[in-house]
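Coordinates from final-v4.cif are shown below (mmCIF, C-alpha atoms).
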```
data_upload
loop_
_atom_site.label_atom_id
_atom_site.label_comp_id
_atom_site.auth_asym_id
_atom_site.auth_seq_id
_atom_site.Cartn_x
_atom_site.Cartn_y
_atom_site.Cartn_z
CA MET A 222 11.64 -28.01 66.11
CA HIS A 223 14.31 -30.25 67.49
CA ILE A 224 14.41 -33.84 66.20
CA VAL A 225 15.90 -36.53 68.42
CA PRO A 226 16.49 -39.80 66.58
CA ILE A 227 16.18 -42.77 68.88
CA VAL A 228 17.47 -46.14 67.80
CA GLU A 229 15.13 -48.88 68.87
CA LEU A 230 17.02 -52.06 69.59
CA THR A 231 15.51 -55.45 68.92
CA PRO A 232 15.06 -57.81 71.90
CA ALA A 233 18.04 -59.84 70.65
CA GLN A 234 20.20 -56.72 70.50
CA LYS A 235 19.07 -55.68 73.99
CA ALA A 236 19.93 -59.11 75.40
CA ALA A 237 23.33 -59.10 73.68
CA GLN A 238 24.00 -55.56 74.91
CA ARG A 239 23.22 -56.61 78.48
CA ARG A 240 25.58 -59.60 78.24
CA ARG A 241 28.31 -57.38 76.79
CA SER A 242 27.81 -54.80 79.54
CA ILE A 243 28.20 -57.49 82.20
CA ALA A 244 31.38 -58.75 80.47
CA ILE A 245 32.82 -55.21 80.29
CA GLY A 246 31.99 -54.69 83.98
CA LEU A 247 33.68 -57.93 84.95
CA GLY A 248 36.68 -57.07 82.76
CA LEU A 249 37.08 -53.67 84.40
CA GLY A 250 36.73 -55.25 87.85
CA ALA A 251 39.43 -57.77 86.98
CA LEU A 252 41.65 -54.93 85.77
CA VAL A 253 41.25 -53.12 89.10
CA VAL A 254 42.22 -56.28 91.03
CA LEU A 255 45.15 -56.83 88.65
CA PHE A 256 46.49 -53.30 89.16
CA PHE A 257 46.11 -53.69 92.92
CA LEU A 258 48.12 -56.95 92.89
CA VAL A 259 50.78 -55.49 90.57
CA THR A 260 51.15 -52.51 92.91
CA ILE A 261 51.59 -54.84 95.91
CA VAL A 262 54.25 -56.87 94.03
CA LYS A 263 56.13 -53.74 92.91
CA ILE A 264 55.99 -52.09 96.35
CA SER A 265 57.17 -55.25 98.12
CA GLY A 266 59.98 -55.57 95.56
CA ASN A 267 61.10 -52.00 96.32
CA ILE A 268 60.95 -52.60 100.09
CA ALA A 269 63.08 -55.74 99.73
CA GLN A 270 65.59 -53.79 97.60
CA HIS A 271 65.87 -50.99 100.21
CA ALA A 272 66.22 -53.52 103.01
CA ALA A 273 69.12 -55.20 101.19
CA MET A 274 70.96 -51.88 100.75
CA MET B 282 6.12 -26.83 81.43
CA ALA B 283 7.38 -29.89 79.64
CA LEU B 284 11.11 -30.30 79.48
CA ILE B 285 10.95 -31.21 75.82
CA ASP B 286 8.01 -29.41 74.37
CA ASP B 287 9.04 -28.82 70.81
CA THR B 288 10.96 -32.01 70.16
CA ASP B 289 9.93 -34.77 67.82
CA VAL B 290 11.20 -38.20 68.78
CA VAL B 291 11.88 -40.24 65.67
CA LEU B 292 12.29 -43.97 65.97
CA SER B 293 14.92 -45.03 63.50
CA PRO B 294 15.22 -48.63 62.32
CA ALA B 295 17.37 -50.93 64.44
CA VAL B 296 21.06 -50.67 63.74
CA THR B 297 22.78 -53.60 62.07
CA GLY B 298 25.04 -55.81 64.15
CA GLY B 299 24.77 -55.44 67.89
CA THR B 300 23.79 -59.04 68.44
CA GLY B 301 27.34 -60.28 68.87
CA SER B 302 27.83 -62.69 71.76
CA ILE B 303 30.89 -62.83 74.00
CA GLY B 304 32.01 -65.78 71.87
CA ASP B 305 31.78 -63.69 68.70
CA TYR B 306 34.02 -61.03 70.23
CA PHE B 307 36.42 -63.71 71.40
CA GLU B 308 36.50 -65.03 67.83
CA LEU B 309 37.57 -61.55 66.66
CA LEU B 310 40.73 -62.02 68.71
CA LYS B 311 41.80 -64.98 66.51
CA PRO B 312 42.23 -67.36 69.47
CA ARG B 313 44.34 -69.89 67.54
CA VAL B 314 46.88 -67.24 66.56
CA MET B 315 46.70 -65.90 70.11
CA SER B 316 47.58 -69.30 71.58
CA LEU B 317 50.70 -69.49 69.38
CA VAL B 318 51.61 -65.95 70.44
CA ILE B 319 51.25 -66.84 74.14
CA PHE B 320 53.38 -69.93 73.65
CA THR B 321 56.24 -68.22 71.79
CA ALA B 322 56.17 -65.25 74.19
CA LEU B 323 56.38 -67.68 77.12
CA VAL B 324 59.49 -69.22 75.55
CA GLY B 325 61.05 -65.75 75.28
CA LEU B 326 60.20 -65.11 78.95
CA MET B 327 61.66 -68.42 80.10
CA LEU B 328 64.88 -68.22 78.09
CA ALA B 329 65.71 -64.65 79.09
CA PRO B 330 68.41 -64.29 81.75
CA GLY B 331 67.23 -62.98 85.09
CA GLY B 332 63.84 -63.36 86.65
CA LEU B 333 60.44 -61.77 86.68
CA HIS B 334 57.88 -62.14 89.47
CA PRO B 335 55.40 -64.86 88.43
CA LEU B 336 52.49 -62.40 88.62
CA LEU B 337 54.28 -59.86 86.43
CA ALA B 338 55.20 -62.64 83.99
CA ALA B 339 51.53 -63.64 83.84
CA VAL B 340 50.52 -60.01 83.28
CA ALA B 341 53.12 -59.73 80.51
CA LEU B 342 51.74 -62.83 78.77
CA LEU B 343 48.17 -61.59 79.16
CA ALA B 344 49.04 -58.17 77.73
CA ILE B 345 50.93 -59.70 74.79
CA ALA B 346 48.03 -62.08 74.10
CA VAL B 347 45.43 -59.30 74.28
CA GLY B 348 47.59 -57.04 72.08
CA ALA B 349 47.90 -59.81 69.48
CA GLY B 350 44.16 -60.46 69.70
CA ALA B 351 43.38 -56.77 69.32
CA SER B 352 45.45 -56.59 66.15
CA GLY B 353 43.51 -59.64 64.91
CA ALA B 354 40.23 -57.79 65.53
CA LEU B 355 41.51 -54.72 63.65
CA ASN B 356 42.66 -57.00 60.83
CA MET B 357 39.14 -58.50 60.62
CA TRP B 358 37.62 -55.01 60.64
CA TYR B 359 39.76 -53.86 57.71
CA ASP B 360 39.55 -57.12 55.76
CA ALA B 361 35.80 -57.72 56.15
CA ASP B 362 35.22 -57.10 52.43
CA ILE B 363 37.66 -59.79 51.28
CA ASP B 364 36.81 -62.15 54.15
CA ARG B 365 33.26 -62.19 52.73
CA ILE B 366 34.59 -63.59 49.44
CA MET B 367 36.88 -66.34 50.70
CA SER B 368 35.42 -69.66 51.87
CA ARG B 369 37.97 -69.94 54.71
CA THR B 370 36.91 -66.61 56.25
CA ALA B 371 33.29 -66.07 55.16
CA ARG B 372 31.90 -67.26 58.53
CA ARG B 373 33.92 -64.78 60.59
CA PRO B 374 31.81 -62.53 62.87
CA ILE B 375 31.83 -59.41 60.62
CA PRO B 376 31.06 -60.96 57.21
CA ASP B 377 28.50 -63.16 58.96
CA GLY B 378 26.73 -60.04 60.32
CA ARG B 379 27.08 -60.95 64.00
CA VAL B 380 29.40 -58.02 64.77
CA SER B 381 29.33 -54.71 62.92
CA PRO B 382 32.59 -53.27 61.48
CA SER B 383 32.49 -50.26 63.82
CA GLU B 384 32.03 -52.52 66.86
CA ALA B 385 35.10 -54.53 65.80
CA LEU B 386 37.08 -51.31 65.23
CA HIS B 387 36.24 -49.95 68.68
CA PHE B 388 36.86 -53.31 70.33
CA GLY B 389 40.27 -53.73 68.66
CA SER B 390 41.34 -50.12 69.28
CA VAL B 391 40.45 -50.14 72.99
CA LEU B 392 42.17 -53.48 73.60
CA SER B 393 45.28 -52.34 71.67
CA VAL B 394 45.73 -49.25 73.83
CA LEU B 395 44.88 -51.11 77.02
CA SER B 396 47.31 -53.98 76.37
CA VAL B 397 50.23 -51.62 75.65
CA LEU B 398 49.51 -49.47 78.72
CA VAL B 399 49.18 -52.47 81.04
CA LEU B 400 52.45 -53.97 79.75
CA GLY B 401 54.23 -50.64 80.14
CA VAL B 402 52.95 -49.85 83.62
CA ALA B 403 53.20 -53.37 85.05
CA VAL B 404 56.35 -54.67 83.34
CA ASN B 405 58.49 -52.24 81.33
CA TRP B 406 58.22 -49.73 78.49
CA VAL B 407 60.67 -51.45 76.12
CA ALA B 408 58.36 -54.48 75.99
CA ALA B 409 55.36 -52.14 75.71
CA PHE B 410 56.96 -50.28 72.80
CA LEU B 411 57.67 -53.58 71.02
CA LEU B 412 54.05 -54.65 71.53
CA ALA B 413 52.78 -51.31 70.20
CA PHE B 414 55.10 -51.63 67.20
CA THR B 415 53.89 -55.21 66.58
CA ILE B 416 50.24 -54.09 66.57
CA PHE B 417 51.10 -51.17 64.26
CA PHE B 418 53.12 -53.45 61.96
CA TYR B 419 50.37 -56.07 61.69
CA VAL B 420 47.47 -53.67 61.24
CA VAL B 421 48.97 -50.76 59.28
CA VAL B 422 52.03 -52.18 57.50
CA TYR B 423 50.72 -55.69 56.75
CA THR B 424 46.92 -55.48 56.66
CA MET B 425 46.48 -51.99 55.19
CA GLY B 426 49.74 -51.70 53.27
CA LEU B 427 51.15 -54.96 52.02
CA LYS B 428 48.44 -57.59 51.96
CA ARG B 429 46.56 -56.33 48.90
CA ARG B 430 49.55 -54.82 47.09
CA THR B 431 52.47 -57.22 46.91
CA SER B 432 53.23 -60.91 46.73
CA GLN B 433 55.84 -60.27 49.44
CA ASN B 434 52.94 -59.52 51.84
CA ILE B 435 53.48 -62.40 54.23
CA VAL B 436 57.29 -62.28 53.91
CA ILE B 437 57.47 -58.76 55.37
CA GLY B 438 54.21 -59.01 57.31
CA GLY B 439 55.46 -62.21 58.91
CA ALA B 440 57.63 -60.03 61.14
CA ALA B 441 54.51 -59.17 63.15
CA GLY B 442 54.07 -62.81 64.12
CA ALA B 443 57.77 -63.10 64.94
CA PHE B 444 57.88 -60.36 67.57
CA PRO B 445 56.15 -62.11 70.56
CA PRO B 446 59.20 -64.08 71.81
CA MET B 447 61.21 -60.87 71.50
CA ILE B 448 58.57 -59.05 73.60
CA GLY B 449 58.67 -61.87 76.15
CA TRP B 450 62.46 -61.58 76.32
CA ALA B 451 62.26 -57.78 76.66
CA ALA B 452 59.68 -58.15 79.46
CA VAL B 453 62.37 -59.81 81.58
CA THR B 454 65.53 -58.02 80.47
CA GLY B 455 64.23 -54.67 79.24
CA THR B 456 66.43 -55.05 76.16
CA VAL B 457 66.63 -56.57 72.69
CA SER B 458 69.58 -58.94 72.30
CA ILE B 459 71.04 -61.35 69.74
CA GLU B 460 69.25 -64.29 71.42
CA SER B 461 65.83 -62.69 71.07
CA ILE B 462 66.66 -61.71 67.48
CA VAL B 463 67.39 -65.39 66.72
CA LEU B 464 63.97 -66.37 68.15
CA PHE B 465 62.47 -63.66 65.93
CA LEU B 466 64.32 -64.99 62.86
CA ILE B 467 63.11 -68.56 63.40
CA ILE B 468 59.47 -67.45 63.11
CA PHE B 469 60.26 -64.88 60.41
CA PHE B 470 61.81 -67.47 58.05
CA TRP B 471 59.23 -70.09 59.01
CA THR B 472 56.28 -67.90 57.97
CA PRO B 473 56.65 -67.87 54.13
CA PRO B 474 56.91 -71.64 53.59
CA HIS B 475 54.11 -72.19 56.12
CA PHE B 476 51.67 -69.77 54.46
CA TRP B 477 52.65 -70.54 50.89
CA ALA B 478 52.06 -74.27 51.46
CA LEU B 479 48.45 -73.36 52.33
CA ALA B 480 48.25 -70.68 49.61
CA LEU B 481 49.13 -73.28 46.98
CA VAL B 482 45.98 -75.17 47.98
CA LYS B 483 43.79 -72.08 48.43
CA SER B 484 45.15 -70.04 45.50
CA GLU B 485 41.74 -69.86 43.76
CA ASP B 486 40.24 -68.34 46.91
CA TYR B 487 42.98 -65.71 47.08
CA ALA B 488 42.70 -64.95 43.36
CA ARG B 489 38.93 -64.45 43.68
CA ALA B 490 39.47 -62.02 46.57
CA GLY B 491 42.19 -60.18 44.60
CA ILE B 492 44.95 -60.88 47.13
CA PRO B 493 48.33 -61.14 45.38
CA MET B 494 49.58 -64.21 47.20
CA MET B 495 52.74 -65.71 45.72
CA PRO B 496 51.05 -68.62 43.84
CA VAL B 497 48.56 -66.16 42.30
CA VAL B 498 51.23 -63.69 41.15
CA ALA B 499 54.36 -65.74 40.49
CA GLY B 500 52.72 -69.07 39.74
CA GLU B 501 52.92 -72.43 41.49
CA ARG B 502 56.36 -73.48 40.24
CA SER B 503 58.08 -70.32 41.47
CA THR B 504 56.25 -70.55 44.83
CA ARG B 505 57.36 -74.17 45.30
CA LEU B 506 61.00 -73.23 44.64
CA GLN B 507 60.77 -70.30 47.05
CA ILE B 508 59.31 -72.59 49.73
CA PHE B 509 62.35 -74.83 49.32
CA THR B 510 64.74 -71.85 49.47
CA TYR B 511 63.18 -70.54 52.69
CA ALA B 512 63.34 -74.05 54.20
CA LEU B 513 67.10 -74.13 53.42
CA VAL B 514 67.55 -70.83 55.27
CA LEU B 515 65.25 -71.80 58.17
CA ALA B 516 66.89 -75.13 59.03
CA PRO B 517 70.27 -73.67 60.17
CA ILE B 518 68.59 -70.75 61.97
CA GLY B 519 66.58 -73.32 63.92
CA VAL B 520 69.86 -74.75 65.22
CA ALA B 521 71.34 -71.31 66.03
CA PRO B 522 70.18 -71.21 69.70
CA ALA B 523 72.45 -74.21 70.41
CA VAL B 524 75.32 -72.75 68.35
CA LEU B 525 75.06 -69.43 70.20
CA GLY B 526 74.96 -71.21 73.55
CA PHE B 527 71.53 -70.32 74.89
CA ALA B 528 70.16 -73.80 74.22
CA SER B 529 71.68 -77.23 74.87
CA LEU B 530 73.39 -79.62 72.46
CA ALA B 531 70.37 -81.91 72.78
CA TYR B 532 68.19 -79.09 71.46
CA GLY B 533 70.67 -78.55 68.61
CA VAL B 534 70.50 -82.20 67.53
CA PHE B 535 66.69 -82.15 67.75
CA ALA B 536 66.41 -78.88 65.78
CA ALA B 537 68.80 -80.22 63.13
CA GLY B 538 66.62 -83.33 62.69
CA MET B 539 63.43 -81.29 62.46
CA GLY B 540 65.12 -78.87 60.04
CA ALA B 541 66.24 -81.75 57.83
CA ALA B 542 62.66 -83.08 57.77
CA PHE B 543 61.38 -79.60 56.88
CA VAL B 544 63.85 -79.35 54.00
CA ALA B 545 62.98 -82.88 52.80
CA LEU B 546 59.23 -82.12 52.77
CA SER B 547 59.84 -78.79 51.04
CA ALA B 548 61.95 -80.57 48.43
CA ARG B 549 59.02 -82.90 47.75
CA VAL B 550 56.77 -79.86 47.30
CA ALA B 551 59.34 -78.16 45.06
CA PHE B 552 60.50 -81.03 42.88
CA HIS B 553 58.11 -83.97 43.12
CA ALA B 554 54.72 -82.33 43.30
CA LYS B 555 52.31 -83.83 40.83
CA SER B 556 49.12 -82.15 39.84
CA GLY B 557 45.70 -82.42 41.45
CA ALA B 558 44.96 -84.35 44.61
CA GLU B 559 48.53 -85.66 44.99
CA ALA B 560 50.00 -82.12 44.95
CA LYS B 561 47.34 -80.94 47.38
CA ARG B 562 48.17 -83.80 49.77
CA ILE B 563 51.92 -83.00 49.68
CA ASN B 564 51.29 -79.27 50.17
CA MET B 565 48.98 -79.87 53.13
CA GLN B 566 51.51 -82.31 54.57
CA LEU B 567 54.12 -79.54 54.56
CA PHE B 568 51.58 -77.07 55.98
CA PHE B 569 50.75 -79.29 58.96
CA PHE B 570 54.39 -80.31 59.45
CA SER B 571 55.39 -76.64 59.53
CA ILE B 572 53.00 -76.09 62.45
CA ALA B 573 54.44 -79.12 64.24
CA TYR B 574 57.99 -77.90 63.47
CA LEU B 575 57.53 -74.49 65.07
CA PHE B 576 55.67 -75.92 68.04
CA ALA B 577 58.31 -78.64 68.56
CA LEU B 578 61.24 -76.22 68.33
CA PHE B 579 59.77 -73.75 70.80
CA ALA B 580 58.61 -76.56 73.11
CA ALA B 581 62.18 -77.94 73.06
CA LEU B 582 63.54 -74.47 73.84
CA LEU B 583 61.04 -74.16 76.70
CA VAL B 584 62.05 -77.53 78.18
CA ASP B 585 65.70 -76.55 77.74
CA GLY B 586 65.10 -73.26 79.54
CA VAL B 587 63.22 -74.89 82.42
CA VAL B 588 65.87 -77.61 82.84
CA SER B 589 68.76 -75.12 82.81
CA ARG B 590 66.94 -72.99 85.45
CA ILE B 591 66.47 -76.06 87.66
CA ILE B 592 70.12 -77.08 87.29
CA SER B 593 71.58 -73.61 87.95
#
```

Give the structure from the file, written as structure tokens.
Amino acid sequence: MHIVPIVELTPAQKAAQRRRSIAIGLGLGALVVLFFLVTIVKISGNIAQHAAM
Amino acid sequence: MALIDDTDVVLSPAVTGGTGSIGDYFELLKPRVMSLVIFTALVGLMLAPGGLHPLLAAVALLAIAVGAGASGALNMWYDADIDRIMSRTARRPIPDGRVSPSEALHFGSVLSVLSVLVLGVAVNWVAAFLLAFTIFFYVVVYTMGLKRRTSQNIVIGGAAGAFPPMIGWAAVTGTVSIESIVLFLIIFFWTPPHFWALALVKSEDYARAGIPMMPVVAGERSTRLQIFTYALVLAPIGVAPAVLGFASLAYGVFAAGMGAAFVALSARVAFHAKSGAEAKRINMQLFFFSIAYLFALFAALLVDGVVSRIIS
């Protein structure tokens, strides 16, 4: 017989988990936007450098 | 046929922790320490020769702040047992049961790695290495190694708090130079008198938790004398940016005045401290002045840096 232990979260833990999940999602989204902007800045810096050469 | 036909599902009791709010996790980052880190790193960024795109500068500050916060979370994870004992720290998220130790460990570890990677990829790897070393120094060398073993804990461990302006400088220049070392030294020599002034007041708390802070190990008289000695060393280092030419004469005069006041207050702690409430008042006076001193010096350096950039 295979026993699967399942942790039952309390309503307070479920609510907190949901809030944390939303925060992690927003954080990851912000990170994606940040990396996109950093890439744009770095690429435009390189283009400007090549143009000056 | 059932997919799980021979499996018993066992409901185990709810795990502890898990109810931490976003605010509790933010508290793990030690926001007050983080704000000082952001400020001193900003000064390093502004004083460094050359320029950094404003967005990259903002990313650098964010990464440094998150790295510092992550090390704070790891510090709270490791120190949860002694935090529970001391009145100053008993209401922190882990001893209070709002966040479990493993949650704090995972949170701090992920943010540590993320902050170093972001700084390396977006800015440069010298700054990223310094940030990684700072996190390692604070968590492993100070928290795990020194804090519970030696009365020199905050003297050596203070280096961790002194690195941010050096990281800010390295973010712009990609190097470590004498100027950034001077910024490091100001915070390094400021740390012992700052913490010992508070430790003199909270020595019973530290003794109860078994932390060998200087007043607990060497006694109050020795600690007071050492505070004075460190103040004597700190005052001239505070003036060094003007002497070395990366801050103005006006800054030098201001830093000299603030240094003299620091020495005078430390002398009162060392030689005129009475017992009881009077001693506590003088110690706390030095503690709060030390915060104002560091803030004022770095604010003056920041203004100096901004003005010299506008002029040139």

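The space separating atom CA of B:Ala499 from atom CA of B:Met539 comes to 28.4 Å.
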
The PyMOL selection byres ((chain A) within 8 of (chain B)) on the file shown: which residues, as a ChimeraX atom specification?
-> /A:222-231,233-234,236-238,240-241,244,256,259,262

Between B:Ile508, B:Val498, B:Leu525, B:Ala531, single out the one closest to B:Leu567, counting only C-alpha atoms.
-> B:Ile508

For this structure, which residues satisfy the selection - the PyMOL selection byres ((chain B and resi 574) around 10) - when it is evaluated on the file as given? I want them as an mmCIF file with C-alpha atoms, keeping the file's coordinate frame.
```
data_model
loop_
_atom_site.group_PDB
_atom_site.id
_atom_site.type_symbol
_atom_site.label_atom_id
_atom_site.label_comp_id
_atom_site.auth_asym_id
_atom_site.auth_seq_id
_atom_site.Cartn_x
_atom_site.Cartn_y
_atom_site.Cartn_z
ATOM 1 C CA TRP B 471 59.230 -70.090 59.010
ATOM 2 C CA GLY B 519 66.580 -73.320 63.920
ATOM 3 C CA ALA B 536 66.410 -78.880 65.780
ATOM 4 C CA MET B 539 63.430 -81.290 62.460
ATOM 5 C CA GLY B 540 65.120 -78.870 60.040
ATOM 6 C CA ALA B 542 62.660 -83.080 57.770
ATOM 7 C CA PHE B 543 61.380 -79.600 56.880
ATOM 8 C CA LEU B 567 54.120 -79.540 54.560
ATOM 9 C CA PHE B 568 51.580 -77.070 55.980
ATOM 10 C CA PHE B 569 50.750 -79.290 58.960
ATOM 11 C CA PHE B 570 54.390 -80.310 59.450
ATOM 12 C CA SER B 571 55.390 -76.640 59.530
ATOM 13 C CA ILE B 572 53.000 -76.090 62.450
ATOM 14 C CA ALA B 573 54.440 -79.120 64.240
ATOM 15 C CA LEU B 575 57.530 -74.490 65.070
ATOM 16 C CA PHE B 576 55.670 -75.920 68.040
ATOM 17 C CA ALA B 577 58.310 -78.640 68.560
ATOM 18 C CA LEU B 578 61.240 -76.220 68.330
ATOM 19 C CA PHE B 579 59.770 -73.750 70.800
ATOM 20 C CA ALA B 580 58.610 -76.560 73.110
#
```

List the residues selected by the PyMOL selection byres ((chain B and resi 500) around 12) in the file shown, writing them as a ChimeraX atom specification.
-> /B:432,477,480-481,484-485,488,493-499,501-507

Can you spit out the residues from that selection as a PDB file, keeping the file's coordinate frame, using C-alpha atoms?
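The result, written out as again.pdb:
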```
ATOM      1  CA  SER B 432      53.230 -60.910  46.730  1.00  0.00           C
ATOM      2  CA  TRP B 477      52.650 -70.540  50.890  1.00  0.00           C
ATOM      3  CA  ALA B 480      48.250 -70.680  49.610  1.00  0.00           C
ATOM      4  CA  LEU B 481      49.130 -73.280  46.980  1.00  0.00           C
ATOM      5  CA  SER B 484      45.150 -70.040  45.500  1.00  0.00           C
ATOM      6  CA  GLU B 485      41.740 -69.860  43.760  1.00  0.00           C
ATOM      7  CA  ALA B 488      42.700 -64.950  43.360  1.00  0.00           C
ATOM      8  CA  PRO B 493      48.330 -61.140  45.380  1.00  0.00           C
ATOM      9  CA  MET B 494      49.580 -64.210  47.200  1.00  0.00           C
ATOM     10  CA  MET B 495      52.740 -65.710  45.720  1.00  0.00           C
ATOM     11  CA  PRO B 496      51.050 -68.620  43.840  1.00  0.00           C
ATOM     12  CA  VAL B 497      48.560 -66.160  42.300  1.00  0.00           C
ATOM     13  CA  VAL B 498      51.230 -63.690  41.150  1.00  0.00           C
ATOM     14  CA  ALA B 499      54.360 -65.740  40.490  1.00  0.00           C
ATOM     15  CA  GLU B 501      52.920 -72.430  41.490  1.00  0.00           C
ATOM     16  CA  ARG B 502      56.360 -73.480  40.240  1.00  0.00           C
ATOM     17  CA  SER B 503      58.080 -70.320  41.470  1.00  0.00           C
ATOM     18  CA  THR B 504      56.250 -70.550  44.830  1.00  0.00           C
ATOM     19  CA  ARG B 505      57.360 -74.170  45.300  1.00  0.00           C
ATOM     20  CA  LEU B 506      61.000 -73.230  44.640  1.00  0.00           C
ATOM     21  CA  GLN B 507      60.770 -70.300  47.050  1.00  0.00           C
TER      22      GLN B 507
END
```

When you draw a straight line from atom CA of B:Ala451 to atom CA of A:Leu255, how long is it in Å?
-> 20.9 Å

For B:Pro474, which of B:Val391, B:Ala354, B:Ala548, B:Ile363 is the closest residue, counting only C-alpha atoms?
-> B:Ala548

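Nearest to B:Ala344 of all the residues A:Arg239, A:Ala272, A:Ile245, A:Leu252 is A:Leu252, based on all atoms listed in the file.
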
4 Å per side around stretch 552-564 of chain B: axis-aligned box centre and edge lengths, as JSON:
```
{"center_x": 52.7, "center_y": -82.5, "center_z": 45.0, "size_x": 23.5, "size_y": 14.4, "size_z": 18.3}
```

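Atom CA of B:Asp486 sits 17.0 Å away from atom CA of B:Ala560.
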
Shell of 9 Å around B:Met425, only C-alpha atoms, local chain residues under 5 positions omitted, as number ranges by chain | B: 356, 359-360, 419-420
